[in-house]
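A.B. asks: Just so it is clear, I am handing over data20.csv, which has CSV, C-alpha atoms.
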```
chain,number,residue,atom,x,y,z
D,1,MET,CA,-33.9,-54.7,83.8
D,2,ASN,CA,-34.4,-57.7,81.5
D,3,PRO,CA,-31.7,-57.8,78.8
D,4,GLN,CA,-33.1,-58.2,75.3
D,5,PRO,CA,-31.3,-58.4,71.9
D,6,THR,CA,-30.4,-55.0,70.6
D,7,SER,CA,-32.1,-54.5,67.2
D,8,GLY,CA,-30.3,-53.2,64.2
D,9,ARG,CA,-32.9,-50.5,63.9
D,10,ILE,CA,-32.0,-49.1,67.3
D,11,PHE,CA,-28.3,-49.2,66.6
D,12,ALA,CA,-28.5,-47.8,63.1
D,13,THR,CA,-29.0,-44.2,64.5
D,14,THR,CA,-26.5,-44.5,67.3
D,15,HIS,CA,-24.7,-41.2,67.7
D,16,TRP,CA,-21.3,-42.3,69.1
D,17,SER,CA,-21.0,-44.9,66.4
D,18,VAL,CA,-21.6,-42.1,63.8
D,19,VAL,CA,-18.8,-40.1,65.4
D,20,LEU,CA,-16.4,-43.0,65.3
D,21,ALA,CA,-17.3,-44.0,61.7
D,22,ALA,CA,-16.6,-40.4,60.5
D,23,ARG,CA,-13.4,-39.7,62.4
D,24,GLU,CA,-11.4,-39.6,59.2
D,25,THR,CA,-13.8,-37.4,57.1
D,26,ASP,CA,-15.0,-34.7,59.5
D,27,ALA,CA,-18.5,-35.5,58.3
D,28,PRO,CA,-21.1,-32.8,59.4
D,29,GLN,CA,-23.4,-35.5,60.9
D,30,ALA,CA,-20.6,-36.6,63.2
D,31,ALA,CA,-20.2,-33.1,64.6
D,32,ALA,CA,-23.9,-32.8,65.1
D,33,ALA,CA,-24.0,-36.2,66.8
D,34,LEU,CA,-21.1,-35.2,69.2
D,35,GLU,CA,-22.8,-31.9,69.9
D,36,LYS,CA,-26.1,-33.6,70.9
D,37,LEU,CA,-24.3,-36.1,73.1
D,38,CYS,CA,-22.4,-33.2,74.8
D,39,ARG,CA,-25.6,-31.2,75.3
D,40,THR,CA,-27.1,-34.2,77.0
D,41,TYR,CA,-24.2,-35.3,79.3
D,42,TRP,CA,-22.4,-32.1,80.3
D,43,TYR,CA,-23.7,-32.2,83.9
D,44,PRO,CA,-21.7,-35.3,85.0
D,45,LEU,CA,-18.5,-33.4,83.9
D,46,TYR,CA,-19.5,-30.4,85.9
D,47,ALA,CA,-20.2,-32.5,89.0
D,48,TYR,CA,-16.9,-34.3,88.4
D,49,LEU,CA,-15.0,-31.0,88.4
D,50,ARG,CA,-16.7,-29.8,91.5
D,51,ARG,CA,-15.9,-33.1,93.3
D,52,ARG,CA,-12.3,-32.7,92.2
D,53,GLY,CA,-12.2,-29.6,94.3
D,54,TYR,CA,-12.7,-26.9,91.7
D,55,GLY,CA,-14.8,-23.9,92.8
D,56,GLU,CA,-18.1,-23.0,91.2
D,57,HIS,CA,-16.8,-20.5,88.7
D,58,ASP,CA,-13.7,-22.5,87.8
D,59,ALA,CA,-15.8,-25.5,87.1
D,60,GLN,CA,-18.1,-23.4,84.9
D,61,ASP,CA,-15.1,-22.0,83.0
D,62,LEU,CA,-13.4,-25.4,82.6
D,63,THR,CA,-16.6,-27.1,81.4
D,64,GLN,CA,-17.2,-24.5,78.8
D,65,GLY,CA,-13.5,-24.3,77.9
D,66,PHE,CA,-13.4,-28.1,77.5
D,67,PHE,CA,-16.3,-28.0,75.0
D,68,ALA,CA,-14.5,-25.3,73.0
D,69,HIS,CA,-11.4,-27.5,72.9
D,70,LEU,CA,-13.4,-30.5,71.9
D,71,PHE,CA,-15.0,-28.8,69.0
D,72,GLU,CA,-11.8,-27.4,67.5
D,73,ARG,CA,-11.3,-28.0,63.9
D,74,ASP,CA,-9.3,-31.3,64.2
D,75,TRP,CA,-11.2,-32.8,67.0
D,76,LEU,CA,-12.4,-35.9,65.0
D,77,HIS,CA,-8.8,-37.0,64.3
D,78,GLY,CA,-8.2,-37.5,68.0
D,79,VAL,CA,-11.1,-40.0,68.2
D,80,ALA,CA,-10.2,-43.6,67.9
D,81,ARG,CA,-12.2,-46.8,67.9
D,82,ASP,CA,-10.3,-48.0,71.0
D,83,LYS,CA,-11.8,-45.1,73.0
D,84,GLY,CA,-14.8,-47.3,73.4
D,85,ARG,CA,-17.8,-45.9,75.3
D,86,PHE,CA,-18.6,-42.2,75.0
D,87,ARG,CA,-18.5,-41.7,78.8
D,88,SER,CA,-15.0,-43.1,78.9
D,89,PHE,CA,-13.8,-40.9,76.0
D,90,LEU,CA,-15.4,-37.8,77.5
D,91,LEU,CA,-13.8,-38.3,80.9
D,92,ALA,CA,-10.4,-39.2,79.5
D,93,SER,CA,-10.5,-36.1,77.2
D,94,LEU,CA,-11.5,-33.9,80.1
D,95,ASN,CA,-8.6,-35.1,82.2
D,96,TYR,CA,-6.2,-34.5,79.4
D,97,PHE,CA,-7.6,-31.0,79.0
D,98,LEU,CA,-7.2,-30.3,82.7
D,99,ALA,CA,-3.6,-31.4,82.6
D,100,ASP,CA,-3.0,-28.9,79.8
D,101,GLN,CA,-4.5,-25.9,81.6
D,102,ARG,CA,-2.2,-23.5,83.5
D,103,ASP,CA,-4.7,-21.3,85.3
D,104,ARG,CA,-8.3,-20.0,85.2
D,105,ALA,CA,-7.4,-17.3,82.7
D,106,ASN,CA,-6.2,-19.9,80.2
D,107,ALA,CA,-9.4,-21.9,80.7
D,108,GLN,CA,-11.5,-18.7,80.0
D,109,LYS,CA,-9.4,-18.0,76.9
D,110,ARG,CA,-10.1,-21.4,75.5
D,111,GLY,CA,-13.8,-20.7,75.8
D,112,GLY,CA,-13.3,-17.5,73.8
D,113,GLY,CA,-16.3,-16.0,75.4
D,114,GLN,CA,-18.4,-17.8,72.8
D,115,PRO,CA,-20.2,-20.8,74.4
D,116,THR,CA,-20.0,-23.9,72.3
D,117,ILE,CA,-22.4,-25.9,74.3
D,118,SER,CA,-24.9,-23.7,76.2
D,119,PHE,CA,-25.8,-24.8,79.7
D,120,ASP,CA,-27.4,-23.0,82.7
D,121,ALA,CA,-24.4,-22.5,85.0
D,122,ARG,CA,-26.7,-21.3,87.9
D,123,GLU,CA,-28.9,-24.4,87.5
D,124,ALA,CA,-25.9,-26.6,87.4
D,125,GLU,CA,-24.6,-25.3,90.7
D,126,GLU,CA,-28.0,-25.3,92.4
D,127,ARG,CA,-28.4,-28.9,91.3
D,128,TYR,CA,-25.0,-29.8,92.6
D,129,ARG,CA,-25.6,-28.2,95.9
D,130,LEU,CA,-29.0,-29.8,96.4
D,131,GLU,CA,-27.7,-33.3,95.8
D,132,PRO,CA,-27.0,-35.5,98.9
D,133,VAL,CA,-23.4,-35.5,100.2
D,134,ASP,CA,-21.6,-38.2,98.3
D,135,GLU,CA,-18.2,-39.5,99.5
D,136,ARG,CA,-17.5,-41.4,96.3
D,137,SER,CA,-14.3,-40.7,94.4
D,138,PRO,CA,-14.7,-38.2,91.5
D,139,ASP,CA,-14.6,-41.0,89.0
D,140,LYS,CA,-17.3,-43.0,90.8
D,141,LEU,CA,-19.4,-39.9,91.2
D,142,PHE,CA,-19.0,-39.2,87.5
D,143,GLU,CA,-20.3,-42.6,86.6
D,144,ARG,CA,-23.3,-42.3,88.9
D,145,ARG,CA,-24.2,-38.8,87.6
D,146,TRP,CA,-23.8,-40.3,84.1
D,147,ALA,CA,-26.3,-43.0,84.9
D,148,MET,CA,-28.7,-40.6,86.5
D,149,THR,CA,-28.6,-38.3,83.5
D,150,LEU,CA,-29.3,-41.2,81.2
D,151,LEU,CA,-32.4,-42.1,83.3
D,152,ASP,CA,-33.6,-38.5,83.2
D,153,GLN,CA,-33.3,-38.6,79.4
D,154,VAL,CA,-35.2,-41.8,79.2
D,155,LEU,CA,-38.0,-40.5,81.5
D,156,ALA,CA,-38.2,-37.3,79.4
D,157,ARG,CA,-38.5,-39.3,76.2
D,158,LEU,CA,-41.2,-41.5,77.7
D,159,GLY,CA,-43.2,-38.5,79.0
D,160,GLN,CA,-42.9,-36.8,75.6
D,161,GLU,CA,-44.3,-39.9,73.9
D,162,PHE,CA,-47.3,-39.9,76.2
D,163,ALA,CA,-47.8,-36.1,75.7
D,164,ASP,CA,-47.6,-36.5,71.9
D,165,ALA,CA,-50.4,-39.1,72.2
D,166,GLY,CA,-52.5,-36.8,74.3
D,167,LYS,CA,-51.9,-38.9,77.4
D,168,ARG,CA,-49.8,-36.7,79.7
D,169,GLU,CA,-52.4,-37.0,82.5
D,170,LEU,CA,-52.2,-40.8,82.2
D,171,PHE,CA,-48.4,-40.6,82.3
D,172,ASN,CA,-48.5,-38.6,85.5
D,173,ARG,CA,-50.7,-41.3,87.1
D,174,LEU,CA,-48.6,-44.2,85.9
D,175,GLN,CA,-45.2,-42.7,86.7
D,176,PRO,CA,-45.2,-43.5,90.4
D,177,PHE,CA,-45.5,-47.2,89.5
D,178,LEU,CA,-42.6,-47.1,87.1
D,179,VAL,CA,-40.3,-48.6,89.7
D,180,GLU,CA,-42.2,-51.3,91.5
D,181,GLY,CA,-42.8,-50.7,95.2
D,182,THR,CA,-42.1,-46.9,95.1
D,183,GLY,CA,-45.6,-45.6,94.6
D,184,GLU,CA,-47.3,-43.9,97.6
D,185,LYS,CA,-50.8,-44.9,96.4
D,186,THR,CA,-52.2,-48.3,95.7
D,187,TYR,CA,-53.3,-49.5,92.2
D,188,ALA,CA,-56.9,-49.5,93.4
D,189,GLU,CA,-56.7,-45.9,94.6
D,190,THR,CA,-55.0,-44.6,91.5
D,191,ALA,CA,-57.4,-46.5,89.2
D,192,ARG,CA,-60.5,-45.0,91.0
D,193,GLU,CA,-59.0,-41.5,90.6
D,194,GLY,CA,-58.4,-42.1,86.9
D,195,GLY,CA,-61.8,-43.7,86.2
D,196,MET,CA,-60.1,-47.0,85.3
D,197,THR,CA,-60.4,-50.5,86.5
D,198,GLU,CA,-57.5,-51.8,88.6
D,199,GLU,CA,-56.7,-54.4,86.0
D,200,ALA,CA,-56.6,-51.8,83.2
D,201,LEU,CA,-54.2,-49.7,85.3
D,202,LYS,CA,-51.9,-52.6,85.9
D,203,LYS,CA,-51.7,-53.4,82.2
D,204,ALA,CA,-51.0,-49.8,81.4
D,205,VAL,CA,-48.2,-49.8,83.9
D,206,GLN,CA,-46.7,-53.0,82.4
D,207,ARG,CA,-46.8,-51.5,78.9
D,208,MET,CA,-45.1,-48.3,80.3
D,209,ARG,CA,-42.4,-50.3,82.0
D,210,ARG,CA,-41.7,-52.3,78.8
D,211,ARG,CA,-41.4,-49.1,76.8
D,212,TYR,CA,-39.2,-47.6,79.5
D,213,HIS,CA,-36.8,-50.5,79.3
D,214,GLN,CA,-36.7,-50.3,75.5
D,215,LEU,CA,-35.9,-46.6,75.6
D,216,PHE,CA,-33.2,-47.2,78.3
D,217,ARG,CA,-31.5,-49.6,75.9
D,218,GLU,CA,-31.8,-47.2,73.0
D,219,GLU,CA,-30.3,-44.4,75.1
D,220,ILE,CA,-27.3,-46.7,76.1
D,221,ALA,CA,-26.9,-47.7,72.4
D,222,GLN,CA,-26.3,-44.0,71.6
D,223,THR,CA,-23.2,-43.9,73.8
D,224,VAL,CA,-21.3,-47.1,72.8
D,225,ALA,CA,-19.4,-48.0,69.7
D,226,SER,CA,-21.0,-51.3,68.8
D,227,PRO,CA,-24.1,-53.4,69.5
D,228,GLU,CA,-22.0,-55.9,71.4
D,229,GLU,CA,-21.2,-53.3,74.0
D,230,VAL,CA,-24.8,-52.5,74.9
D,231,GLU,CA,-25.3,-55.5,77.2
D,232,GLU,CA,-22.1,-54.9,79.1
D,233,GLU,CA,-22.9,-51.2,79.5
D,234,LEU,CA,-26.4,-52.0,80.6
D,235,ARG,CA,-25.1,-54.3,83.4
D,236,HIS,CA,-22.4,-51.8,84.4
D,237,LEU,CA,-24.8,-48.9,84.7
D,238,CYS,CA,-27.4,-50.9,86.6
D,239,ALA,CA,-24.6,-51.9,89.0
D,240,VAL,CA,-23.6,-48.3,89.4
D,241,LEU,CA,-27.2,-47.3,90.2
D,242,GLY,CA,-27.5,-50.1,92.6
D,243,SER,CA,-24.3,-49.3,94.6
```
Could you write out this file's structure as structure tokens?

C.D. replies:
Amino acid sequence: MNPQPTSGRIFATTHWSVVLAARETDAPQAAAALEKLCRTYWYPLYAYLRRRGYGEHDAQDLTQGFFAHLFERDWLHGVARDKGRFRSFLLASLNYFLADQRDRANAQKRGGGQPTISFDAREAEERYRLEPVDERSPDKLFERRWAMTLLDQVLARLGQEFADAGKRELFNRLQPFLVEGTGEKTYAETAREGGMTEEALKKAVQRMRRRYHQLFREEIAQTVASPEEVEEELRHLCAVLGS
């Protein structure tokens, strides 16, 4: 992906920076920002716990219990600027939480039977079981799941933009060409099926790729503390995906 300067407009609405900026005031918008981030990135935590050797039900209880712990009244005061990226903060906080747990009953108690972040436990386990066997360490697996979740978010946003413009069918035709060399059909075949010229299809694919890259950067910007960290995070996640 071609690095481009991060605009102030993109970073002005960054969720993690909102959390960090409000850590001394318990601002409602900071809590809302954290909740949205957690709702997006809970699965890498679940996969991390499973890779650590926790069983299905323990991982479910611990994931929910962790969120309950994170959203306790004074959670903001434990957030510091030096926590850096949201993924680093989240994993470090989870490991601290695990160290503080004594048994499954305690983990269940922390959840209080009142889900703080709702997620489909059955879907999580099915997703985990369907993934290829991966011998990476739990930490490396967490980073890869994080990157894959980010890509899923970007693709969903892109698809929604097409749908909002009444172009969902076009998106479905263009999507196989999003990553060059992965489409099963040729440009010519797809263009004929869509009643387009091959040149028009190629231009549409180029525009989609540019927008995808822009959304990718915006998604990364939501999880880092400053504009200067976007480029480094972009390189790191691309390396994780390529490994």

A.B. asks: Near Leu141 (chain D), counting all atoms listed in the file, which residues have an atom at most 8 Å away, once you skip same-chain residues fewer than 5 positions from it, shown as an NGL selection string?

C.D. replies: :D and (47-48 or 51 or 134 or 136)

A.B. asks: Please, which residues are within 10 Å of (-23.7, -34.1, 77.3) by the file's coordinates, counting only C-alpha atoms, and could they come as a VMD selection string?

C.D. replies: chain D and resid 34 to 45 67 86 to 87 90 117 119 146 149 to 150

A.B. asks: Rounded to one decimal in Å, what is the spacing between CA of Glu184 (chain D) and CA of Leu234 (chain D)?

C.D. replies: 28.1 Å

A.B. asks: Find the distance between CA of Gly55 (chain D) and CA of Leu98 (chain D) and write it in Å to one decimal.

C.D. replies: 14.2 Å

A.B. asks: So how many Å separate CA of Thr197 (chain D) and CA of Glu169 (chain D), to one decimal?

C.D. replies: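 Result for CA of Thr197 (chain D) versus CA of Glu169 (chain D): 16.2 Å, one decimal.
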
A.B. asks: Which of these residues is nearest to Val240 (chain D), using only C-alpha atoms: D:Arg144, D:Lys185, D:Gly194, D:Ala165?

C.D. replies: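 Of the candidates, the smallest distance to Val240 (chain D) is held by D:Arg144.
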
A.B. asks: Nearest to Pro227 (chain D) among D:Phe162, D:Trp16, D:Tyr54, D:Phe97, with distances taken over all atoms listed in the file: which residue is it?

C.D. replies: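 Smallest distance to Pro227 (chain D) is found for D:Trp16.
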
A.B. asks: Which neighbours of Arg50 (chain D) fall inside 12 Å, counting all atoms listed in the file, when residues of the same chain fewer than 4 positions from it are skipped, and could you give them as a list in words?

C.D. replies: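 Answer for this query is Tyr43, Pro44, Leu45, Tyr46, Tyr54, Gly55, Glu56, His57, Asp58, Ala59, Gln60, Asp61, Leu62, Thr63, Ala124, Glu125, Arg127, Tyr128, Arg129, Asp134, Ser137, Pro138, Asp139, Leu141 and Phe142 of chain D.
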
A.B. asks: Do a neighbour search on Gln175 (chain D) at 10 Å with all atoms listed in the file, toss out local chain neighbours closer than 3 positions, and write the hits as an MDAnalysis selection string.

C.D. replies: chainID D and resid 155 158:159 170:172 178:179 182:183 205 208:209

A.B. asks: Write a file of the selected residues as a PDB file, keeping the file's coordinate frame, keeping C-alpha atoms.

C.D. replies:
```
ATOM      1  CA  LEU D 155     -38.000 -40.500  81.500  1.00  0.00           C
ATOM      2  CA  LEU D 158     -41.200 -41.500  77.700  1.00  0.00           C
ATOM      3  CA  GLY D 159     -43.200 -38.500  79.000  1.00  0.00           C
ATOM      4  CA  LEU D 170     -52.200 -40.800  82.200  1.00  0.00           C
ATOM      5  CA  PHE D 171     -48.400 -40.600  82.300  1.00  0.00           C
ATOM      6  CA  ASN D 172     -48.500 -38.600  85.500  1.00  0.00           C
ATOM      7  CA  LEU D 178     -42.600 -47.100  87.100  1.00  0.00           C
ATOM      8  CA  VAL D 179     -40.300 -48.600  89.700  1.00  0.00           C
ATOM      9  CA  THR D 182     -42.100 -46.900  95.100  1.00  0.00           C
ATOM     10  CA  GLY D 183     -45.600 -45.600  94.600  1.00  0.00           C
ATOM     11  CA  VAL D 205     -48.200 -49.800  83.900  1.00  0.00           C
ATOM     12  CA  MET D 208     -45.100 -48.300  80.300  1.00  0.00           C
ATOM     13  CA  ARG D 209     -42.400 -50.300  82.000  1.00  0.00           C
TER      14      ARG D 209
END
```
